[in-house]
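Engineer: My questions will all concern the structure given below.
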Amino acid sequence: MTTPHDWTTTPITADILRGALDLEQTERGVLPHRLPARARRQITDGQLAMAESQPSGVRLAFRTRATAVELDVVATKRVYVGAPPRPDGVYELLVDGHLVDRASASDGDTFTIDMSAGTAQTRLGPMETLRFTGLPDGEKDVEIWLPHDETTLLVALRTDAPVGTPRPSGRPVWLHHGSSISHGSNAATPTGTWPALAAASGGAELINMGFGGGALLDPFTARAMRDTPADLLSVKIGINIVNADLMRLRAFGPAVHGFLDTLRDGHPTAPLLVISPICCPIHENTPGPLAPDFRAMSEGRVGFTATGDPAEVAAGKLTLTVIRDELARIVGERAATDPHLHHLDGLDLYGADDHAELPLPDDLHPDPATHRRIAERFARYAFGRGGPFAPQVR
């Protein structure tokens, strides 16, 4: 038997949302976005449009005496034809920074993707109500982290006590951009992605602009970062550019410079960390494009493979090895006049020895244990004593 509550309904607005750059009003609810409307109007890539609507790092945040919370949502379930079913997205409720409950929506809209045919279609589904009960008594800060890889319409928020905006945390805002690895692919929970874990360890407020398949040095992403208030910035560059076989070495260097120039237009002196790719054997010395491994799918698992020709590297095709060298060169040259610019070799976060111990399950994305390892190493480097994100001693 459920206990009756005298519910208070609170409008879902930007005042109680963290980690999103925009809220889209729809007929069925509000949709958090991690790119602003101006940027979204310039997106022609369906993969990026899907990824930026998946609320990695986005959380409802409010202060309340409530001991029960209900959240009405419409989740979008992704189905890949021929691949194993995906797990339901996870919603995590934290009280004063500590995890106290989890929930999932088992139904919702369905987005079916056929990678072999290059087609996709959507079927509308029902709303579900998530219930969190037994919260501690007294005034407290509550966060509900949304699924990092499941697009979620927010329909209604109800509590058994009034809700107010959270107190200022005093923590620095860390704005991070990267690929699906930063987005959280293969992480089990929204607070278990490596940027979320690193932010918690470093005492930072995360805005995660990691986009699965979408870290491609797009100018609209750079402008969105330029215009977003932040204290700390980082960009993890490389794997998607190789995956997509997007550009050659001649174009890559100027594109990196242009992206960093735009960031500096809005954040001229903020610590800015450029991170090169972690180890990914299929692309270390083999260019893209990336392709699904259909043999793996026939065995009931997800896998990827590189299809490029290593002989073409001499003509300017990009591999992870080439990109690491080029990023180190670019940052080294720019740092001569930009003392707040820093470089981190991705192999220091996850290298060949790590791959031997903790291989990438699908040959591309880290598993939950590897997300934790990357987060620990990043936090130790970036937020530790003398690190680029460490508090400045005055």
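Letters for chains follow the order of the structure tokens (A, B, ...), residue numbers begin at 1 for each chain, and ligand numbers begin at 1 in the order shown.
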Mind the document's chain letters and residue numbers, and return as a list in words the residues of segment 214-345 of chain A that DSSP labels strand (DSSP E or B).

Structural biologist: Leu232, Leu233, Ser234, Val235, Lys236, Leu272, Leu273, Val274, Ile275, Leu290, Ala291, Pro292, Phe304, Thr305, Ala306, Leu341, His342, His343 and Leu344 of chain A

Engineer: Filtering to N, CA and C atoms, could you give me those residues as a PDB file, in the first residue's frame?

Structural biologist:
```pdb
ATOM      1  N   LEU A 232      36.716  26.640 -15.590  1.00  0.00           N
ATOM      2  CA  LEU A 232      37.700  25.671 -16.057  1.00  0.00           C
ATOM      3  C   LEU A 232      37.199  25.082 -17.366  1.00  0.00           C
ATOM      4  N   LEU A 233      38.083  24.907 -18.333  1.00  0.00           N
ATOM      5  CA  LEU A 233      37.681  24.359 -19.632  1.00  0.00           C
ATOM      6  C   LEU A 233      38.616  23.228 -20.043  1.00  0.00           C
ATOM      7  N   SER A 234      38.048  22.239 -20.723  1.00  0.00           N
ATOM      8  CA  SER A 234      38.868  21.184 -21.307  1.00  0.00           C
ATOM      9  C   SER A 234      38.221  20.689 -22.585  1.00  0.00           C
ATOM     10  N   VAL A 235      39.056  20.250 -23.506  1.00  0.00           N
ATOM     11  CA  VAL A 235      38.587  19.671 -24.766  1.00  0.00           C
ATOM     12  C   VAL A 235      39.397  18.407 -25.029  1.00  0.00           C
ATOM     13  N   LYS A 236      38.693  17.338 -25.331  1.00  0.00           N
ATOM     14  CA  LYS A 236      39.342  16.058 -25.628  1.00  0.00           C
ATOM     15  C   LYS A 236      39.097  15.785 -27.110  1.00  0.00           C
ATOM     16  N   LEU A 272      42.731  26.151 -19.513  1.00  0.00           N
ATOM     17  CA  LEU A 272      42.201  25.429 -20.677  1.00  0.00           C
ATOM     18  C   LEU A 272      43.110  24.231 -20.930  1.00  0.00           C
ATOM     19  N   LEU A 273      42.545  23.040 -20.831  1.00  0.00           N
ATOM     20  CA  LEU A 273      43.302  21.803 -20.941  1.00  0.00           C
ATOM     21  C   LEU A 273      42.909  21.075 -22.222  1.00  0.00           C
ATOM     22  N   VAL A 274      43.895  20.792 -23.058  1.00  0.00           N
ATOM     23  CA  VAL A 274      43.690  20.029 -24.299  1.00  0.00           C
ATOM     24  C   VAL A 274      44.155  18.599 -24.041  1.00  0.00           C
ATOM     25  N   ILE A 275      43.246  17.648 -24.270  1.00  0.00           N
ATOM     26  CA  ILE A 275      43.520  16.237 -23.975  1.00  0.00           C
ATOM     27  C   ILE A 275      43.522  15.457 -25.282  1.00  0.00           C
ATOM     28  N   LEU A 290      35.465   4.432 -39.348  1.00  0.00           N
ATOM     29  CA  LEU A 290      35.037   3.374 -38.460  1.00  0.00           C
ATOM     30  C   LEU A 290      33.813   2.689 -39.053  1.00  0.00           C
ATOM     31  N   ALA A 291      33.660   1.407 -38.787  1.00  0.00           N
ATOM     32  CA  ALA A 291      32.472   0.680 -39.258  1.00  0.00           C
ATOM     33  C   ALA A 291      32.032  -0.298 -38.181  1.00  0.00           C
ATOM     34  N   PRO A 292      30.728  -0.609 -38.130  1.00  0.00           N
ATOM     35  CA  PRO A 292      30.280  -1.652 -37.207  1.00  0.00           C
ATOM     36  C   PRO A 292      30.917  -2.989 -37.577  1.00  0.00           C
ATOM     37  N   PHE A 304      33.294  -2.720 -33.145  1.00  0.00           N
ATOM     38  CA  PHE A 304      33.630  -1.774 -34.213  1.00  0.00           C
ATOM     39  C   PHE A 304      34.984  -2.152 -34.799  1.00  0.00           C
ATOM     40  N   THR A 305      35.226  -1.675 -36.024  1.00  0.00           N
ATOM     41  CA  THR A 305      36.488  -1.951 -36.692  1.00  0.00           C
ATOM     42  C   THR A 305      36.903  -0.752 -37.522  1.00  0.00           C
ATOM     43  N   ALA A 306      38.206  -0.609 -37.732  1.00  0.00           N
ATOM     44  CA  ALA A 306      38.734   0.458 -38.589  1.00  0.00           C
ATOM     45  C   ALA A 306      38.877  -0.080 -40.005  1.00  0.00           C
ATOM     46  N   LEU A 341      47.200  27.673 -20.886  1.00  0.00           N
ATOM     47  CA  LEU A 341      46.887  26.559 -21.778  1.00  0.00           C
ATOM     48  C   LEU A 341      47.754  25.357 -21.395  1.00  0.00           C
ATOM     49  N   HIS A 342      47.128  24.177 -21.319  1.00  0.00           N
ATOM     50  CA  HIS A 342      47.829  22.978 -20.867  1.00  0.00           C
ATOM     51  C   HIS A 342      47.501  21.805 -21.781  1.00  0.00           C
ATOM     52  N   HIS A 343      48.376  20.792 -21.745  1.00  0.00           N
ATOM     53  CA  HIS A 343      48.213  19.607 -22.577  1.00  0.00           C
ATOM     54  C   HIS A 343      48.299  18.362 -21.706  1.00  0.00           C
ATOM     55  N   LEU A 344      47.429  17.383 -21.978  1.00  0.00           N
ATOM     56  CA  LEU A 344      47.459  16.098 -21.289  1.00  0.00           C
ATOM     57  C   LEU A 344      47.409  14.995 -22.337  1.00  0.00           C
TER      58      LEU A 344
END
```

Engineer: Quick one: residues within 6 Å of Val74 of chain A, only C-alpha atoms counted, chain neighbours fewer than 3 positions away excluded, as a compact mmCIF listing (two decimals) with N, CA and C atoms, in the first residue's frame?

Structural biologist:
```txt
# COMPACT_ATOMS: atom_id res chain seq x y z
N GLY A 108 8.65 4.04 -23.05
CA GLY A 108 8.74 5.40 -23.56
C GLY A 108 8.73 5.39 -25.07
N MET A 127 4.32 7.99 -21.07
CA MET A 127 5.02 8.63 -19.96
C MET A 127 5.10 7.65 -18.80
N THR A 152 15.52 12.39 -22.63
CA THR A 152 14.48 12.37 -21.61
C THR A 152 13.67 13.66 -21.63
N LEU A 153 12.39 13.52 -21.92
CA LEU A 153 11.46 14.64 -21.74
C LEU A 153 11.04 14.69 -20.28
```

Engineer: Hey, which of A:Gln121, A:Arg295, A:Pro229, A:Gly346 ends up closest to Pro268 of chain A? Count only C-alpha atoms.

Structural biologist: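 Using only C-alpha atoms, Pro268 of chain A sits closest to A:Pro229.
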
Engineer: How many Å lie between atom CA of Trp194 of chain A and atom CA of Ile374 of chain A, rounded to one decimal?

Structural biologist: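 Calculated distance between atom CA of Trp194 of chain A and atom CA of Ile374 of chain A is 6.2 Å.
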
Engineer: When distances are computed from only C-alpha atoms, which of A:Val81, A:Ala61, A:Ala75, A:Leu93 shows the smallest separation from Glu128 of chain A?

Structural biologist: A:Ala75

Engineer: Looking only at alpha helix (DSSP H) from DSSP on the backbone, list the matching residues of segment 17-240 of chain A as a ChimeraX atom specification.

Structural biologist: /A:37-40,46-53,180-183,194-202,219-226,239-240

Engineer: Suppose we keep N, CA and C atoms; can you now write the selection as a JSON list (two decimals), in the first residue's frame?

Structural biologist:
```json
[["chain", "number", "residue", "atom", "x", "y", "z"],
["A", 37, "ALA", "N", 19.96, 26.62, -28.95],
["A", 37, "ALA", "CA", 19.13, 26.56, -30.17],
["A", 37, "ALA", "C", 19.90, 27.06, -31.38],
["A", 38, "ARG", "N", 20.69, 28.11, -31.20],
["A", 38, "ARG", "CA", 21.43, 28.66, -32.34],
["A", 38, "ARG", "C", 22.36, 27.60, -32.94],
["A", 39, "ALA", "N", 23.02, 26.82, -32.09],
["A", 39, "ALA", "CA", 23.91, 25.77, -32.58],
["A", 39, "ALA", "C", 23.10, 24.64, -33.21],
["A", 40, "ARG", "N", 21.98, 24.28, -32.60],
["A", 40, "ARG", "CA", 21.20, 23.16, -33.12],
["A", 40, "ARG", "C", 20.65, 23.44, -34.50],
["A", 46, "GLY", "N", 22.38, 13.67, -37.91],
["A", 46, "GLY", "CA", 21.42, 13.06, -37.00],
["A", 46, "GLY", "C", 22.07, 12.48, -35.76],
["A", 47, "GLN", "N", 23.29, 11.96, -35.89],
["A", 47, "GLN", "CA", 23.99, 11.40, -34.73],
["A", 47, "GLN", "C", 24.25, 12.48, -33.68],
["A", 48, "LEU", "N", 24.73, 13.64, -34.11],
["A", 48, "LEU", "CA", 25.00, 14.72, -33.16],
["A", 48, "LEU", "C", 23.70, 15.25, -32.57],
["A", 49, "ALA", "N", 22.66, 15.38, -33.40],
["A", 49, "ALA", "CA", 21.38, 15.85, -32.88],
["A", 49, "ALA", "C", 20.87, 14.92, -31.78],
["A", 50, "MET", "N", 21.04, 13.62, -31.96],
["A", 50, "MET", "CA", 20.63, 12.68, -30.93],
["A", 50, "MET", "C", 21.51, 12.80, -29.69],
["A", 51, "ALA", "N", 22.83, 12.88, -29.90],
["A", 51, "ALA", "CA", 23.76, 12.88, -28.77],
["A", 51, "ALA", "C", 23.59, 14.11, -27.89],
["A", 52, "GLU", "N", 23.42, 15.29, -28.50],
["A", 52, "GLU", "CA", 23.35, 16.48, -27.66],
["A", 52, "GLU", "C", 22.05, 16.53, -26.85],
["A", 53, "SER", "N", 21.02, 15.80, -27.30],
["A", 53, "SER", "CA", 19.76, 15.75, -26.55],
["A", 53, "SER", "C", 19.80, 14.71, -25.43],
["A", 180, "SER", "N", 32.19, 10.30, -27.42],
["A", 180, "SER", "CA", 31.31, 9.38, -26.69],
["A", 180, "SER", "C", 31.95, 8.89, -25.40],
["A", 181, "ILE", "N", 33.28, 8.86, -25.34],
["A", 181, "ILE", "CA", 33.95, 8.43, -24.12],
["A", 181, "ILE", "C", 33.68, 9.44, -23.02],
["A", 182, "SER", "N", 33.72, 10.73, -23.34],
["A", 182, "SER", "CA", 33.35, 11.76, -22.38],
["A", 182, "SER", "C", 31.85, 11.79, -22.14],
["A", 183, "HIS", "N", 31.07, 11.53, -23.18],
["A", 183, "HIS", "CA", 29.61, 11.44, -23.06],
["A", 183, "HIS", "C", 29.22, 10.38, -22.05],
["A", 194, "TRP", "N", 33.27, 9.17, -16.67],
["A", 194, "TRP", "CA", 34.53, 9.66, -16.10],
["A", 194, "TRP", "C", 34.50, 11.16, -15.81],
["A", 195, "PRO", "N", 33.84, 12.02, -16.63],
["A", 195, "PRO", "CA", 33.81, 13.44, -16.24],
["A", 195, "PRO", "C", 33.02, 13.67, -14.94],
["A", 196, "ALA", "N", 31.90, 12.94, -14.74],
["A", 196, "ALA", "CA", 31.13, 13.11, -13.51],
["A", 196, "ALA", "C", 31.93, 12.67, -12.30],
["A", 197, "LEU", "N", 32.63, 11.55, -12.42],
["A", 197, "LEU", "CA", 33.46, 11.07, -11.31],
["A", 197, "LEU", "C", 34.61, 12.04, -11.02],
["A", 198, "ALA", "N", 35.24, 12.56, -12.07],
["A", 198, "ALA", "CA", 36.35, 13.49, -11.87],
["A", 198, "ALA", "C", 35.87, 14.80, -11.25],
["A", 199, "ALA", "N", 34.69, 15.27, -11.69],
["A", 199, "ALA", "CA", 34.14, 16.51, -11.12],
["A", 199, "ALA", "C", 33.84, 16.33, -9.64],
["A", 200, "ALA", "N", 33.27, 15.18, -9.27],
["A", 200, "ALA", "CA", 32.97, 14.93, -7.87],
["A", 200, "ALA", "C", 34.26, 14.88, -7.05],
["A", 201, "SER", "N", 35.28, 14.26, -7.59],
["A", 201, "SER", "CA", 36.56, 14.16, -6.88],
["A", 201, "SER", "C", 37.23, 15.52, -6.75],
["A", 202, "GLY", "N", 37.11, 16.33, -7.82],
["A", 202, "GLY", "CA", 37.78, 17.63, -7.83],
["A", 202, "GLY", "C", 36.97, 18.76, -7.25],
["A", 219, "PRO", "N", 32.54, 24.54, -35.38],
["A", 219, "PRO", "CA", 32.57, 25.92, -34.90],
["A", 219, "PRO", "C", 31.40, 26.26, -33.99],
["A", 220, "PHE", "N", 30.21, 25.70, -34.24],
["A", 220, "PHE", "CA", 29.06, 26.04, -33.39],
["A", 220, "PHE", "C", 29.25, 25.50, -31.96],
["A", 221, "THR", "N", 29.97, 24.39, -31.83],
["A", 221, "THR", "CA", 30.27, 23.89, -30.48],
["A", 221, "THR", "C", 31.25, 24.83, -29.78],
["A", 222, "ALA", "N", 32.25, 25.28, -30.51],
["A", 222, "ALA", "CA", 33.21, 26.22, -29.92],
["A", 222, "ALA", "C", 32.51, 27.51, -29.48],
["A", 223, "ARG", "N", 31.59, 28.00, -30.30],
["A", 223, "ARG", "CA", 30.88, 29.23, -29.93],
["A", 223, "ARG", "C", 29.99, 29.02, -28.71],
["A", 224, "ALA", "N", 29.37, 27.83, -28.63],
["A", 224, "ALA", "CA", 28.55, 27.54, -27.45],
["A", 224, "ALA", "C", 29.41, 27.52, -26.20],
["A", 225, "MET", "N", 30.59, 26.95, -26.28],
["A", 225, "MET", "CA", 31.50, 26.95, -25.13],
["A", 225, "MET", "C", 31.99, 28.36, -24.81],
["A", 226, "ARG", "N", 32.29, 29.10, -25.85],
["A", 226, "ARG", "CA", 32.72, 30.50, -25.66],
["A", 226, "ARG", "C", 31.70, 31.29, -24.86],
["A", 239, "ILE", "N", 39.45, 11.13, -31.38],
["A", 239, "ILE", "CA", 38.93, 9.83, -31.78],
["A", 239, "ILE", "C", 37.82, 9.97, -32.83],
["A", 240, "ASN", "N", 36.92, 10.93, -32.66],
["A", 240, "ASN", "CA", 35.82, 11.06, -33.63],
["A", 240, "ASN", "C", 36.31, 11.52, -34.98]]
```

Engineer: Of the candidates A:Ile282, A:Gly351, A:Leu206, A:Phe62, which one gets nearest to Pro166 of chain A if we count only C-alpha atoms?

Structural biologist: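 Checking each of A:Ile282, A:Gly351, A:Leu206, A:Phe62 against Pro166 of chain A, counting only C-alpha atoms, the winner is A:Phe62.
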
Engineer: Nearest to Thr44 of chain A: which of A:Gly134, A:Pro168, A:Gly266, A:Gly214 is it, counting only C-alpha atoms?

Structural biologist: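 Of the candidates, the smallest distance to Thr44 of chain A is held by A:Gly214.
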
Engineer: For Ile113 of chain A, work out the shell of residues within 8 Å, counting only C-alpha atoms and skipping chain neighbours fewer than 4 positions away, then give it as a PDB file with N, CA and C atoms, in the first residue's frame.

Structural biologist:
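What ended up in part_14.pdb:
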```pdb
ATOM      1  N   ARG A  78      16.607   3.518 -27.350  1.00  0.00           N
ATOM      2  CA  ARG A  78      17.270   3.241 -28.622  1.00  0.00           C
ATOM      3  C   ARG A  78      17.327   1.739 -28.867  1.00  0.00           C
ATOM      4  N   VAL A  79      16.968   1.349 -30.073  1.00  0.00           N
ATOM      5  CA  VAL A  79      17.047  -0.050 -30.483  1.00  0.00           C
ATOM      6  C   VAL A  79      17.896  -0.119 -31.743  1.00  0.00           C
ATOM      7  N   TYR A  80      18.979  -0.898 -31.697  1.00  0.00           N
ATOM      8  CA  TYR A  80      19.836  -1.098 -32.863  1.00  0.00           C
ATOM      9  C   TYR A  80      19.509  -2.456 -33.472  1.00  0.00           C
ATOM     10  N   VAL A  81      19.075  -2.446 -34.716  1.00  0.00           N
ATOM     11  CA  VAL A  81      18.691  -3.686 -35.387  1.00  0.00           C
ATOM     12  C   VAL A  81      19.887  -4.642 -35.418  1.00  0.00           C
ATOM     13  N   GLY A 118      21.258   2.262 -42.808  1.00  0.00           N
ATOM     14  CA  GLY A 118      21.372   3.703 -42.648  1.00  0.00           C
ATOM     15  C   GLY A 118      20.045   4.387 -42.429  1.00  0.00           C
ATOM     16  N   THR A 119      19.110   3.688 -41.777  1.00  0.00           N
ATOM     17  CA  THR A 119      17.778   4.253 -41.554  1.00  0.00           C
ATOM     18  C   THR A 119      17.471   4.318 -40.064  1.00  0.00           C
ATOM     19  N   ALA A 120      16.484   5.152 -39.719  1.00  0.00           N
ATOM     20  CA  ALA A 120      16.036   5.270 -38.338  1.00  0.00           C
ATOM     21  C   ALA A 120      14.580   5.696 -38.329  1.00  0.00           C
ATOM     22  N   GLN A 121      13.837   5.235 -37.341  1.00  0.00           N
ATOM     23  CA  GLN A 121      12.445   5.640 -37.205  1.00  0.00           C
ATOM     24  C   GLN A 121      12.064   5.696 -35.732  1.00  0.00           C
TER      25      GLN A 121
END
```

Engineer: Ranking A:Leu130, A:Val69, A:Leu358, A:Ile12 by minimum distance to Val155 of chain A and counting only C-alpha atoms, which one comes first?

Structural biologist: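 Of the candidates, the smallest distance to Val155 of chain A is held by A:Ile12.
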
Engineer: Could you give me, as JSON lines, a per-residue list for segment 260-302 of chain A showing, wherever an atom lies at most 9 Å from an atom of segment 319-326 of chain A, the closest pair of atoms and their distance in Å to one decimal, using only C-alpha atoms and sorting by chain then residue number from low to high?

Structural biologist:
```
{"residue": "A:Ile275", "atom": "CA", "partner": "A:Arg324", "partner_atom": "CA", "distance": 8.8}
{"residue": "A:Ser276", "atom": "CA", "partner": "A:Arg324", "partner_atom": "CA", "distance": 5.5}
{"residue": "A:Pro277", "atom": "CA", "partner": "A:Leu320", "partner_atom": "CA", "distance": 6.5}
{"residue": "A:Ile278", "atom": "CA", "partner": "A:Leu320", "partner_atom": "CA", "distance": 8.5}
{"residue": "A:Cys279", "atom": "CA", "partner": "A:Leu320", "partner_atom": "CA", "distance": 8.1}
{"residue": "A:Cys280", "atom": "CA", "partner": "A:Leu320", "partner_atom": "CA", "distance": 8.0}
{"residue": "A:His283", "atom": "CA", "partner": "A:Thr319", "partner_atom": "CA", "distance": 5.9}
{"residue": "A:Glu284", "atom": "CA", "partner": "A:Leu320", "partner_atom": "CA", "distance": 4.9}
{"residue": "A:Asn285", "atom": "CA", "partner": "A:Thr319", "partner_atom": "CA", "distance": 5.4}
{"residue": "A:Thr286", "atom": "CA", "partner": "A:Thr319", "partner_atom": "CA", "distance": 5.9}
{"residue": "A:Pro287", "atom": "CA", "partner": "A:Thr319", "partner_atom": "CA", "distance": 4.9}
{"residue": "A:Gly288", "atom": "CA", "partner": "A:Thr319", "partner_atom": "CA", "distance": 7.6}
```

Engineer: Pick the closest to His98 of chain A from A:Leu260, A:Ala20, A:Ile144, A:Met209: which is it, counting only C-alpha atoms?

Structural biologist: A:Ile144

Engineer: Quick one: everything within 12 Å of His355 of chain A, counting only C-alpha atoms, minus sequence neighbours fewer than 4 positions away in the same chain. Send it as JSON, numbers by chain.

Structural biologist: {"A": [278, 279, 280, 281, 282, 347, 349, 350, 351, 359, 360, 361, 363, 364, 365, 366, 367, 369, 370, 373, 374]}
